[in-house]
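Raw contents of target10.cif, mmCIF, C-alpha atoms:
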```
data_target
#
loop_
_atom_site.label_atom_id
_atom_site.label_comp_id
_atom_site.auth_asym_id
_atom_site.auth_seq_id
_atom_site.Cartn_x
_atom_site.Cartn_y
_atom_site.Cartn_z
CA MET D 21 8.08 6.20 12.07
CA LYS D 22 5.87 9.18 12.76
CA ASN D 23 4.21 9.60 16.13
CA ASP D 24 0.64 10.80 16.71
CA ASP D 25 1.67 14.45 16.64
CA ASP D 26 3.63 14.25 13.41
CA VAL D 27 2.37 15.41 10.09
CA TYR D 28 1.01 13.05 7.45
CA GLY D 29 1.97 13.81 3.91
CA GLY D 30 3.58 17.04 5.11
CA ILE D 31 0.32 18.57 6.37
CA LYS D 32 -0.55 18.59 10.04
CA ASP D 33 -4.24 17.90 10.63
CA THR D 34 -5.00 17.55 14.30
CA SER D 35 -8.72 17.21 13.59
CA ILE D 36 -8.28 13.60 12.55
CA VAL D 37 -5.51 12.46 14.88
CA ALA D 38 -6.37 10.91 18.23
CA ASP D 39 -4.11 9.91 21.10
CA ASN D 40 -5.43 6.51 22.16
CA THR D 41 -2.75 4.26 23.57
CA ASP D 42 -5.07 1.33 24.30
CA GLN D 43 -6.33 1.10 20.74
CA GLU D 44 -2.82 1.49 19.34
CA THR D 45 -1.66 -1.37 21.58
CA ALA D 46 -4.57 -3.57 20.49
CA ARG D 47 -3.77 -2.93 16.84
CA ARG D 48 -0.30 -4.36 17.42
CA ASN D 49 -1.85 -7.72 18.40
CA VAL D 50 -3.86 -8.91 15.42
CA THR D 51 -6.36 -11.76 15.59
CA ILE D 52 -7.24 -13.14 12.18
CA ILE D 53 -10.77 -14.54 12.07
CA LYS D 54 -11.42 -16.41 8.84
CA VAL D 55 -15.09 -16.80 7.90
CA PRO D 56 -15.38 -18.96 4.76
CA PHE D 57 -19.08 -18.35 4.22
CA GLY D 58 -20.76 -17.57 0.92
CA LEU D 59 -24.42 -18.50 1.32
CA GLY D 60 -25.40 -14.93 2.15
CA GLY D 61 -24.38 -13.72 -1.29
CA ALA D 62 -25.72 -13.94 -4.79
CA ARG D 63 -22.92 -15.99 -6.36
CA GLY D 64 -20.74 -18.76 -5.02
CA GLY D 65 -17.04 -18.29 -4.42
CA ALA D 66 -16.81 -15.75 -1.59
CA GLU D 67 -16.32 -18.64 0.83
CA LEU D 68 -12.89 -19.10 -0.78
CA GLY D 69 -11.87 -15.52 0.02
CA PRO D 70 -10.25 -15.97 3.45
CA ASP D 71 -7.81 -18.65 2.32
CA GLU D 72 -7.06 -16.67 -0.83
CA LEU D 73 -6.06 -13.66 1.27
CA ILE D 74 -3.78 -15.84 3.40
CA THR D 75 -2.21 -17.35 0.28
CA ALA D 76 -1.68 -13.84 -1.11
CA GLY D 77 0.67 -13.10 1.80
CA LEU D 78 -1.47 -11.54 4.53
CA LYS D 79 0.36 -13.07 7.50
CA ARG D 80 3.74 -12.16 6.06
CA GLU D 81 2.54 -8.58 5.54
CA ILE D 82 1.29 -8.31 9.12
CA THR D 83 4.55 -9.49 10.66
CA SER D 84 6.60 -7.29 8.33
CA LEU D 85 4.89 -4.29 9.92
CA GLY D 86 6.22 -5.30 13.31
CA LEU D 87 2.78 -6.43 14.47
CA VAL D 88 2.05 -9.60 16.40
CA LEU D 89 -0.25 -12.21 14.88
CA SER D 90 -1.59 -13.33 18.22
CA LYS D 91 -4.13 -15.84 16.93
CA GLU D 92 -5.62 -17.25 13.76
CA VAL D 93 -9.15 -18.66 13.97
CA ARG D 94 -11.21 -20.41 11.34
CA VAL D 95 -14.97 -20.28 11.85
CA ASP D 96 -16.71 -23.51 10.92
CA CYS D 97 -19.23 -22.49 8.25
CA PRO D 98 -21.80 -24.50 6.31
CA SER D 99 -21.03 -24.66 2.62
CA GLU D 100 -24.40 -26.09 1.66
CA PRO D 101 -27.83 -25.39 3.13
CA ALA D 102 -28.56 -27.76 6.01
CA THR D 103 -32.27 -27.41 5.33
CA PRO D 104 -34.28 -26.44 2.27
CA THR D 105 -34.44 -22.71 1.61
CA GLU D 106 -37.34 -21.14 3.47
CA ARG D 107 -40.40 -20.37 1.41
CA ASN D 108 -40.12 -16.63 1.90
CA ARG D 109 -37.99 -13.76 0.72
CA VAL D 110 -34.91 -14.74 2.72
CA LYS D 111 -32.31 -17.20 1.50
CA HIS D 112 -30.27 -19.35 3.89
CA LEU D 113 -31.40 -17.60 7.05
CA ASN D 114 -30.62 -20.61 9.26
CA GLU D 115 -27.06 -20.75 7.98
CA VAL D 116 -26.56 -17.01 8.46
CA ARG D 117 -27.82 -17.37 12.03
CA GLN D 118 -25.35 -20.14 12.77
CA VAL D 119 -22.41 -18.24 11.34
CA SER D 120 -23.38 -14.98 13.04
CA GLU D 121 -23.36 -16.66 16.46
CA LYS D 122 -19.91 -18.13 15.87
CA VAL D 123 -18.41 -14.93 14.47
CA CYS D 124 -19.86 -12.93 17.36
CA HIS D 125 -18.14 -15.26 19.83
CA GLU D 126 -14.76 -15.14 18.09
CA VAL D 127 -14.79 -11.35 17.67
CA SER D 128 -15.86 -10.80 21.27
CA THR D 129 -13.12 -13.15 22.48
CA ALA D 130 -10.51 -11.31 20.43
CA VAL D 131 -11.50 -8.00 22.01
CA GLU D 132 -11.48 -9.54 25.50
CA GLU D 133 -7.95 -10.80 24.89
CA GLY D 134 -6.78 -7.33 23.89
CA GLY D 135 -6.45 -8.08 20.20
CA PHE D 136 -7.41 -6.32 16.99
CA PRO D 137 -10.09 -8.44 15.29
CA LEU D 138 -9.36 -8.76 11.58
CA VAL D 139 -12.30 -10.60 10.03
CA LEU D 140 -11.82 -12.12 6.59
CA GLY D 141 -14.98 -12.92 4.62
CA GLY D 142 -16.82 -14.54 3.04
CA ASP D 143 -19.74 -12.49 1.86
CA HIS D 144 -20.87 -9.33 3.65
CA SER D 145 -23.49 -11.14 5.75
CA VAL D 146 -20.61 -12.09 8.07
CA ALA D 147 -20.69 -8.46 9.25
CA ILE D 148 -23.80 -9.24 11.29
CA GLY D 149 -21.73 -11.46 13.56
CA THR D 150 -18.78 -9.09 13.54
CA LEU D 151 -20.86 -6.15 14.72
CA ALA D 152 -22.61 -8.32 17.30
CA GLY D 153 -19.25 -9.26 18.81
CA LEU D 154 -17.97 -5.70 18.77
CA THR D 155 -21.07 -4.20 20.36
CA ALA D 156 -20.62 -6.61 23.25
CA HIS D 157 -17.68 -4.39 24.26
CA TYR D 158 -18.30 -1.04 22.54
CA SER D 159 -21.63 0.56 23.38
CA ASN D 160 -21.03 3.55 21.12
CA LEU D 161 -19.19 2.22 18.09
CA GLY D 162 -18.46 4.25 14.98
CA VAL D 163 -18.66 2.36 11.69
CA ILE D 164 -17.28 3.24 8.25
CA TRP D 165 -18.82 1.04 5.56
CA PHE D 166 -16.89 0.95 2.27
CA ASP D 167 -19.25 -0.54 -0.28
CA ALA D 168 -20.91 -0.06 -3.64
CA HIS D 169 -24.14 -1.12 -1.94
CA ALA D 170 -25.92 0.09 1.20
CA ASP D 171 -26.92 -3.37 2.55
CA LEU D 172 -29.97 -1.72 4.10
CA ASN D 173 -32.65 -4.04 2.78
CA THR D 174 -35.01 -5.96 5.05
CA GLU D 175 -36.53 -9.38 4.59
CA GLU D 176 -39.67 -7.80 3.19
CA ARG D 177 -38.05 -5.19 0.99
CA SER D 178 -35.16 -7.17 -0.47
CA LEU D 179 -35.49 -7.84 -4.18
CA SER D 180 -33.11 -10.80 -4.05
CA GLY D 181 -33.49 -12.33 -0.60
CA ASN D 182 -29.70 -12.43 -0.23
CA MET D 183 -28.66 -11.61 3.32
CA HIS D 184 -25.41 -9.91 2.39
CA GLY D 185 -27.70 -7.05 1.36
CA MET D 186 -29.27 -6.84 4.83
CA SER D 187 -26.24 -6.67 7.13
CA VAL D 188 -26.45 -2.94 7.90
CA ALA D 189 -30.20 -3.14 8.44
CA ALA D 190 -29.64 -6.01 10.88
CA SER D 191 -27.07 -3.97 12.81
CA LEU D 192 -29.58 -1.12 13.12
CA GLY D 193 -32.36 -3.43 14.28
CA HIS D 194 -34.53 -2.97 11.20
CA THR D 195 -34.71 -6.61 10.10
CA ALA D 196 -36.72 -9.41 11.68
CA TYR D 197 -33.44 -11.22 12.38
CA ASN D 198 -30.99 -8.76 13.88
CA LEU D 199 -28.30 -8.26 16.51
CA SER D 200 -30.77 -8.65 19.36
CA HIS D 201 -31.16 -12.33 18.43
CA ILE D 202 -27.45 -13.10 18.81
CA VAL D 203 -26.28 -14.29 22.22
CA GLY D 204 -23.75 -11.86 23.67
CA ALA D 205 -24.42 -8.97 21.29
CA GLY D 206 -24.74 -5.44 22.61
CA THR D 207 -26.75 -2.47 21.44
CA PHE D 208 -27.70 -1.64 17.87
CA ILE D 209 -25.47 0.62 15.81
CA ASP D 210 -26.43 4.30 15.99
CA PRO D 211 -27.20 5.49 12.43
CA SER D 212 -25.67 8.88 13.27
CA LYS D 213 -22.35 7.07 13.85
CA LEU D 214 -22.43 5.20 10.55
CA VAL D 215 -20.84 6.49 7.34
CA TYR D 216 -20.94 4.99 3.86
CA ILE D 217 -18.13 5.49 1.36
CA GLY D 218 -18.29 4.45 -2.30
CA LEU D 219 -22.02 3.95 -2.82
CA ARG D 220 -23.27 3.70 -6.41
CA ASP D 221 -25.86 0.90 -6.63
CA LEU D 222 -28.88 1.53 -4.39
CA ASP D 223 -32.45 0.28 -4.31
CA GLU D 224 -35.16 2.90 -3.93
CA TYR D 225 -35.98 1.65 -0.44
CA GLU D 226 -32.34 2.04 0.59
CA LYS D 227 -32.26 5.60 -0.71
CA GLU D 228 -35.32 6.39 1.40
CA GLN D 229 -33.73 4.81 4.46
CA ILE D 230 -30.46 6.69 4.13
CA LYS D 231 -32.28 10.00 3.87
CA GLY D 232 -34.85 9.18 6.54
CA LEU D 233 -32.30 7.99 9.08
CA GLY D 234 -29.90 10.82 8.33
CA ILE D 235 -27.00 8.46 7.60
CA GLN D 236 -23.95 10.23 6.23
CA ALA D 237 -23.36 8.71 2.82
CA PHE D 238 -20.64 9.55 0.32
CA THR D 239 -21.50 8.25 -3.12
CA MET D 240 -18.98 8.06 -5.93
CA HIS D 241 -20.46 11.32 -7.20
CA ASP D 242 -19.51 12.93 -3.87
CA ILE D 243 -16.01 11.50 -4.06
CA ASP D 244 -15.61 12.80 -7.61
CA ARG D 245 -16.81 16.22 -6.52
CA MET D 246 -15.07 16.57 -3.15
CA GLY D 247 -12.02 14.35 -3.45
CA ILE D 248 -11.16 11.45 -1.18
CA GLN D 249 -9.27 13.58 1.36
CA GLN D 250 -12.29 15.70 2.26
CA VAL D 251 -14.56 12.65 2.26
CA ILE D 252 -12.46 10.60 4.66
CA GLU D 253 -11.84 13.55 6.96
CA GLN D 254 -15.57 14.25 7.20
CA ALA D 255 -16.25 10.56 7.77
CA ILE D 256 -13.75 10.39 10.62
CA ALA D 257 -15.20 13.55 12.16
CA THR D 258 -18.59 11.83 12.23
CA VAL D 259 -17.65 8.36 13.50
CA GLY D 260 -14.65 9.29 15.62
CA LYS D 261 -16.12 11.96 17.86
CA GLY D 262 -17.50 10.68 21.14
CA THR D 263 -17.37 7.01 20.11
CA ASP D 264 -15.56 4.05 21.65
CA GLY D 265 -13.64 3.52 18.44
CA ILE D 266 -14.07 2.93 14.72
CA HIS D 267 -14.86 -0.32 12.95
CA VAL D 268 -13.99 -0.47 9.24
CA SER D 269 -16.10 -2.78 7.10
CA PHE D 270 -14.49 -3.00 3.67
CA ASP D 271 -16.35 -4.68 0.82
CA MET D 272 -13.98 -5.14 -2.09
CA ASP D 273 -16.73 -4.17 -4.53
CA CYS D 274 -16.36 -0.57 -3.35
CA LEU D 275 -13.40 -0.59 -5.74
CA ASP D 276 -13.72 -0.23 -9.46
CA PRO D 277 -13.82 -3.64 -11.17
CA TRP D 278 -10.68 -2.69 -13.10
CA GLU D 279 -8.92 -2.61 -9.72
CA ALA D 280 -10.72 -5.57 -8.12
CA PRO D 281 -12.31 -7.94 -10.65
CA GLY D 282 -12.62 -10.79 -8.16
CA VAL D 283 -15.90 -9.87 -6.47
CA GLY D 284 -19.39 -11.31 -6.69
CA THR D 285 -21.32 -8.11 -7.42
CA PRO D 286 -19.06 -5.73 -9.37
CA VAL D 287 -20.32 -2.23 -10.17
CA PRO D 288 -18.44 0.07 -12.59
CA GLY D 289 -17.12 3.41 -11.43
CA GLY D 290 -15.73 2.64 -7.98
CA LEU D 291 -12.76 3.77 -5.94
CA ASN D 292 -9.38 3.60 -7.60
CA TYR D 293 -6.20 2.16 -6.14
CA ARG D 294 -4.83 5.30 -4.53
CA GLU D 295 -8.20 6.57 -3.28
CA ALA D 296 -8.69 3.36 -1.33
CA HIS D 297 -5.17 3.31 0.06
CA TYR D 298 -5.29 6.99 0.99
CA ALA D 299 -8.55 6.56 2.91
CA LEU D 300 -7.19 3.64 4.91
CA GLU D 301 -3.85 5.33 5.53
CA ILE D 302 -5.62 8.34 7.02
CA LEU D 303 -7.82 6.08 9.13
CA ALA D 304 -4.72 4.33 10.44
CA SER D 305 -3.19 7.66 11.45
CA THR D 306 -6.09 8.37 13.84
CA ASN D 307 -5.30 5.39 16.10
CA GLN D 308 -9.05 5.09 16.61
CA VAL D 309 -9.69 2.01 14.48
CA THR D 310 -10.54 -0.94 16.75
CA SER D 311 -11.30 -3.60 14.14
CA MET D 312 -11.63 -4.36 10.45
CA GLU D 313 -13.34 -6.82 8.20
CA LEU D 314 -12.56 -7.30 4.53
CA VAL D 315 -15.15 -9.23 2.56
CA GLU D 316 -16.36 -10.37 -0.86
CA VAL D 317 -13.04 -11.49 -2.34
CA ASN D 318 -14.20 -14.07 -4.88
CA PRO D 319 -11.36 -16.05 -6.51
CA LEU D 320 -13.72 -17.55 -9.08
CA PHE D 321 -13.91 -14.18 -10.82
CA ASP D 322 -10.38 -12.97 -10.13
CA HIS D 323 -7.35 -12.86 -12.42
CA ASN D 324 -4.02 -14.16 -11.13
CA ARG D 325 -5.00 -13.47 -7.50
CA HIS D 326 -5.06 -9.73 -8.29
CA THR D 327 -8.00 -8.87 -6.01
CA ALA D 328 -6.68 -10.89 -3.08
CA ARG D 329 -3.25 -9.25 -3.31
CA LEU D 330 -4.90 -5.84 -3.38
CA GLY D 331 -6.95 -6.83 -0.33
CA VAL D 332 -3.75 -7.68 1.53
CA GLU D 333 -2.24 -4.32 0.59
CA LEU D 334 -5.33 -2.45 1.80
CA ILE D 335 -5.34 -4.28 5.12
CA ALA D 336 -1.68 -3.36 5.53
CA SER D 337 -2.50 0.31 4.94
CA LEU D 338 -5.12 0.24 7.68
CA LEU D 339 -2.65 -1.46 10.01
CA GLY D 340 -0.16 1.34 9.54
CA LYS D 341 1.91 0.69 6.43
CA ARG D 342 3.18 3.90 4.83
CA ILE D 343 5.01 4.70 1.63
CA LEU D 344 7.76 6.51 3.57
#
```

Please render this file's structure as structure tokens.
Amino acid sequence: MKNDDDVYGGIKDTSIVADNTDQETARRNVTIIKVPFGLGGARGGAELGPDELITAGLKREITSLGLVLSKEVRVDCPSEPATPTERNRVKHLNEVRQVSEKVCHEVSTAVEEGGFPLVLGGDHSVAIGTLAGLTAHYSNLGVIWFDAHADLNTEERSLSGNMHGMSVAASLGHTAYNLSHIVGAGTFIDPSKLVYIGLRDLDEYEKEQIKGLGIQAFTMHDIDRMGIQQVIEQAIATVGKGTDGIHVSFDMDCLDPWEAPGVGTPVPGGLNYREAHYALEILASTNQVTSMELVEVNPLFDHNRHTARLGVELIASLLGKRIL
């Protein structure tokens, strides 16, 4: 196995390699946090994602890497609205609130216990709770958001009212319901320490927000033009410098639907198999990644568990699996 000073792929690149023993140790003790919640999304089925990832061999893959599965937690999530949907633009806000509080607690506990929180969604609204729990311990967190969508809508500007499209906005404090309403959460995410990778389906309001806030965003056009190596190195330079660590939020719809058909909101023209693996392999080599969530695996639209198996492979790459 290569150490932090070794070369990756035969090319030494000290600009993206960090020596952080504490974060490397934490990554060896993985806490799986399953969040079977789908009411924040547009289509049912994402609530089945966590169990599908486990069935696809996630725990076996983790232990095969020599890592310790220190704990496995299942967050109790509502599967049906407890109350009628509010008569406004937001769907299932009460349920998202409940889940966010619980996820925040479990993620915060995992960090306190010296573990690497690995959150399995569920739809991408679960990220509100994840980031709340992380910011309780990291006041200057870097975030890389792999997604076809920006998730920057607010309650007033959302065209759908689905809260999985508001999770980034909530982490920045731009929504009426945001991190400040979650017990135990820390500060909002700094937009200068947030990077998008894989964008290709944006509302006009989101485009304005990305430009206005100066968020570094790599669309699929940028990836086509620059190549994934330059994109991920620039992303790490942004989120890894002067931060407490890097959180990776990976929405499976950042991938092309040919690679990952089992998602609720597929968009043609996404990342291919090797682009995704390469990005996560390089992130792993930095030893700066403190946590990960993988969301939006939807078995109802999958074929022969293909998307779930790919999700397991991608998690393994971020946890340090290499070809050689």

Point to revise | Residues matched by the PyMOL selection byres ((chain D and resi 51-66) around 8) as a ChimeraX atom specification | key: /D:49-50,67-71,89-101,111-112,115-116,119,123,126-127,130,135-146,182-185,283-285,315-320

Review point. Rounded to one decimal in Å, what is the spacing between atom CA of Gly77 of chain D and atom CA of Ala328 of chain D?
Key: 9.1 Å

Review point. Quick one: which residues end up in the PyMOL selection byres ((chain D and resi 287-301) around 9) for this structure, as a VMD selection string?
Key: chain D and resid 168 218 to 221 240 243 247 to 249 251 to 253 273 to 279 285 to 286 302 to 305 330 333 to 342

Point to revise | Of the listed residues D:Leu172, D:Ala152, D:Val163, D:Ile235, that which approaches Thr207 of chain D most closely, counting all atoms listed in the file | key: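 The closest residue to Thr207 of chain D is D:Ala152.
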
Review point. What gap, in Å, lies between atom CA of Asn114 of chain D and atom CA of Leu179 of chain D?
Key: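 Rounded to one decimal, the two atoms are 19.2 Å apart.
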
Review point. What does the distance between atom CA of Met272 of chain D and atom CA of Phe208 of chain D come to in Å, to one decimal place?
Key: 24.5 Å

Exercise for review: Please evaluate the PyMOL selection byres ((chain D and resi 237) around 8) against the structure above and give the resulting residues as number ranges by chain.
Suggested key: D: 215-217, 219, 230, 235-236, 238-239

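When only C-alpha atoms are used to measure the gap to Thr150 of chain D, the shortest distance among D:Glu121, D:Asp322, D:Asp210, D:Glu72 belongs to D:Glu121.
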
Check your understanding: Closest to Lys213 of chain D among D:Gly181, D:Gly265, D:Gly193, D:Gly153, using all atoms listed in the file?
Key ->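 Closest to Lys213 of chain D of all the choices is D:Gly265.
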
Check your understanding: Taking all atoms listed in the file into account, which of D:Arg109, D:His157, D:Arg48, D:Lys79 comes nearest Asp264 of chain D?
Key ->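 So, comparing all the options, the nearest one is D:His157.
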
Could you write out as AutoDock Vina command-line options the box around segment 233-247 of chain D (axis-aligned, all atoms listed in the file, 5 Å on each side), with centre and edge lengths in Å to one decimal?
```
--center_x -22.2 --center_y 12.3 --center_z 0.7 --size_x 30.3 --size_y 18.6 --size_z 26.7
```

Review point. Pick from D:Val332, D:Leu222, D:Ile164, D:Val88: nearest to Gln254 of chain D, with all atoms listed in the file counted?
Key: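 Closest candidate: D:Ile164.
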
Exercise for review: Give the answer as one residue: which of D:Ser311, D:Ile82, D:Gly260, D:His323 has the shortest atom-to-atom distance to Gly134 of chain D, using all atoms listed in the file?
Suggested key: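 Answer, going by the shortest atom-to-atom distance: D:Ser311.
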